[in-house]
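Everything on this sheet refers to the single structure shown next.
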Amino acid sequence: MTTASLSDPKTASKRIFNFSAGPAILPEEVLHQAQQDIWNIAGSGIGIMEHSHRGPVFDRVIEEAEADCRKLGNISDDYEVLFLQGGATMQFAMIPMNFLREGHVADYPDTGVWTTKAIKEARLFGNVNVAFEGKDHNYDHTPSDAELNLSSDAVYLHYCSNNTIYGTRYNTPPQTNAPLVCDASSEMYSRPIDVNKHAIIYAGAQKNLGPAGVALVIIRKDMVERGRDDLPSMLSYAKHAKQGSRLNTPPTFGIYIMGQVFKWLLNSGGLSGIEQRNNEKAKLIYDVIDAGDFYRGVSRADCRSVMNVSFRTPSEELDRKFLTEAAQHDMDGLKGHRDAGGLRASIYNAFPKKGCEALAQFMTEFARKNG
């Protein structure tokens, strides 16, 4: 896009339906507030991206973000709420680096690309028990507790609650006696979550919480204390917690946006309210998939993701045609991930219901014309 087009009010004001899996859609109310606060936040005469991370304006930003995060998730004082850099991928390494020592074992059900990557990182530091081999099932479902092959002495169990690429999710957390660690990146705060069942919950922001560049980590304080004390400062949860997520200059704008998203969620009925909206949105698309034999869902119906709807038409040629014609109807980001192929509609919290209605109508018409 050229500078000229950005300055053209007609072009700049146009918004299309963004089905991208991430970086993904943000609430329009948040974007409008950010437009103002980038220029001048809280009447300070300085924009949010220009304020000192240790000044009073940003003090208020990060304090409100943490307070609203706690209110949304009903997070007790037994947990630290951290805003860290490196995204979820950094957590793949940081968690075993802190808690998986040589000679110990951690349980990792493998339900998709991101758990596969997390397993690879964990093996650098200790033993990994792959408690479920999702590749044997083409990653079409998340395991029941009966399908899990757990270790008797695992130092933690790591799972991914929602699998962005294949469109599956855990309806309930896996049962284990080990501390439970959850990668919730692609569905964080899309439904109520029982924080107290978990030792750690983490999420890269760019899918459902904010812009790329910041990760939310909710970690029980006793886990913080268990972490190794011989790590570089930036890889120690204890040192980040002691400095209130300001061990170094944090991603201030990302934290600001995340805080605004928390406020938007609170004003949208909290997690119960957003869950109801998300279920209604997803049903519009799944109903079209289930209505005939033209579309085929990637995931099993009993563990379908509400955030990421992965599906296929009868052929790759029709998949490409679908993408071309959808773009002509102002729908972008519908190409499936390269590891799964096909098509994917990511309909995160901020995605409007009218966009799901438009996609469902388009899918119905496309199937009628090409079936």
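Residues are named by chain letter and number: chains run A, B, ... in the order of the structure tokens, numbers start at 1 in each chain, and ligands are numbered from 1 in the order shown.
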
| field | Long-range neighbours of A:Tyr79 as a list of chain:residue names, 8 Å cut-off, only C-alpha atoms, 2 positions minimum in chain | value |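 Skipping anything fewer than 2 positions along the chain leaves A:Ile75, A:Ser76, A:Asp77, A:Val81, A:Ile218, A:Ile219, A:Arg220, A:Lys221.
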
Applying 7 Å and only C-alpha atoms, which residues near stretch 135-150 of chain A remain after dropping the ones on its own chain fewer than 5 positions away? List them as a short mmCIF file (atom, residue, chain, number, x, y, z; two decimals) with N, CA and C atoms, in the first residue's frame.
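Writing the result to result.cif gives the following:
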data_model
loop_
_atom_site.label_atom_id
_atom_site.label_comp_id
_atom_site.auth_asym_id
_atom_site.auth_seq_id
_atom_site.Cartn_x
_atom_site.Cartn_y
_atom_site.Cartn_z
N ASP A 107 5.03 -34.28 30.54
CA ASP A 107 4.05 -34.86 29.61
C ASP A 107 3.58 -33.81 28.61
N THR A 111 -1.00 -32.35 19.76
CA THR A 111 -2.27 -32.17 19.05
C THR A 111 -2.14 -31.24 17.85
N GLY A 112 -0.92 -30.92 17.44
CA GLY A 112 -0.78 -30.07 16.27
C GLY A 112 0.58 -29.43 16.16
N TYR A 166 -5.48 -26.93 12.82
CA TYR A 166 -6.41 -28.02 12.49
C TYR A 166 -7.82 -27.76 13.01
N THR A 168 -9.11 -27.70 16.24
CA THR A 168 -9.62 -28.54 17.33
C THR A 168 -9.40 -27.82 18.66
N ARG A 169 -10.13 -28.25 19.68
CA ARG A 169 -9.92 -27.70 21.01
C ARG A 169 -10.29 -28.72 22.07
N TYR A 170 -9.74 -28.55 23.25
CA TYR A 170 -10.14 -29.32 24.42
C TYR A 170 -11.42 -28.69 24.98
N PRO A 174 -7.20 -31.49 30.34
CA PRO A 174 -6.87 -32.88 30.64
C PRO A 174 -6.68 -33.08 32.15
N GLN A 175 -7.01 -34.28 32.61
CA GLN A 175 -6.86 -34.62 34.02
C GLN A 175 -5.44 -35.14 34.28
N VAL A 298 -12.18 -30.35 8.91
CA VAL A 298 -10.91 -31.02 9.20
C VAL A 298 -10.97 -31.74 10.54
N SER A 299 -11.65 -31.13 11.51
CA SER A 299 -11.68 -31.69 12.86
C SER A 299 -12.93 -32.52 13.10
N ARG A 300 -12.84 -33.42 14.07
CA ARG A 300 -13.99 -34.19 14.50
C ARG A 300 -15.00 -33.26 15.16
N CYS A 303 -14.93 -32.06 19.01
CA CYS A 303 -13.91 -31.18 19.59
C CYS A 303 -13.56 -30.05 18.62
#

| query | What's the 9 Å shell around stretch 262-265 of chain A, counting only C-alpha atoms, without same-chain residues fewer than 3 positions away, as number ranges by chain? | reply | A: 27, 29-30, 65, 68-69, 72, 189, 209, 257-259, 268-271, 273-274, 349

For C-alpha atoms, I'd like the residues from the last selection saved as an mmCIF file, in the first residue's frame.
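Written file, again.cif:
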data_model
loop_
_atom_site.group_PDB
_atom_site.id
_atom_site.type_symbol
_atom_site.label_atom_id
_atom_site.label_comp_id
_atom_site.auth_asym_id
_atom_site.auth_seq_id
_atom_site.Cartn_x
_atom_site.Cartn_y
_atom_site.Cartn_z
ATOM 1 C CA PRO A 27 -12.120 -4.599 18.282
ATOM 2 C CA GLU A 29 -13.675 0.397 19.618
ATOM 3 C CA VAL A 30 -10.110 -0.370 20.707
ATOM 4 C CA ALA A 65 -4.290 -3.979 32.362
ATOM 5 C CA ASP A 68 -8.786 -5.983 34.333
ATOM 6 C CA CYS A 69 -7.049 -9.226 33.348
ATOM 7 C CA LEU A 72 -11.948 -11.166 33.648
ATOM 8 C CA TYR A 189 -10.486 -15.202 27.065
ATOM 9 C CA LEU A 209 -5.728 -10.319 22.878
ATOM 10 C CA ILE A 257 -3.713 -2.459 23.526
ATOM 11 C CA MET A 258 -4.127 -5.638 25.558
ATOM 12 C CA GLY A 259 -5.436 -3.544 28.426
ATOM 13 C CA SER A 268 -19.127 -7.031 26.403
ATOM 14 C CA GLY A 269 -20.503 -9.192 29.200
ATOM 15 C CA GLY A 270 -17.249 -10.743 30.341
ATOM 16 C CA LEU A 271 -16.206 -14.251 29.388
ATOM 17 C CA GLY A 273 -21.047 -13.065 27.298
ATOM 18 C CA ILE A 274 -18.260 -13.410 24.758
ATOM 19 C CA ASN A 349 -13.569 -12.461 19.849
#

| query | Which value, in Å to one decimal, gives the distance between atom CA of A:Ile25 and atom CA of A:Arg344? | reply | 14.7 Å
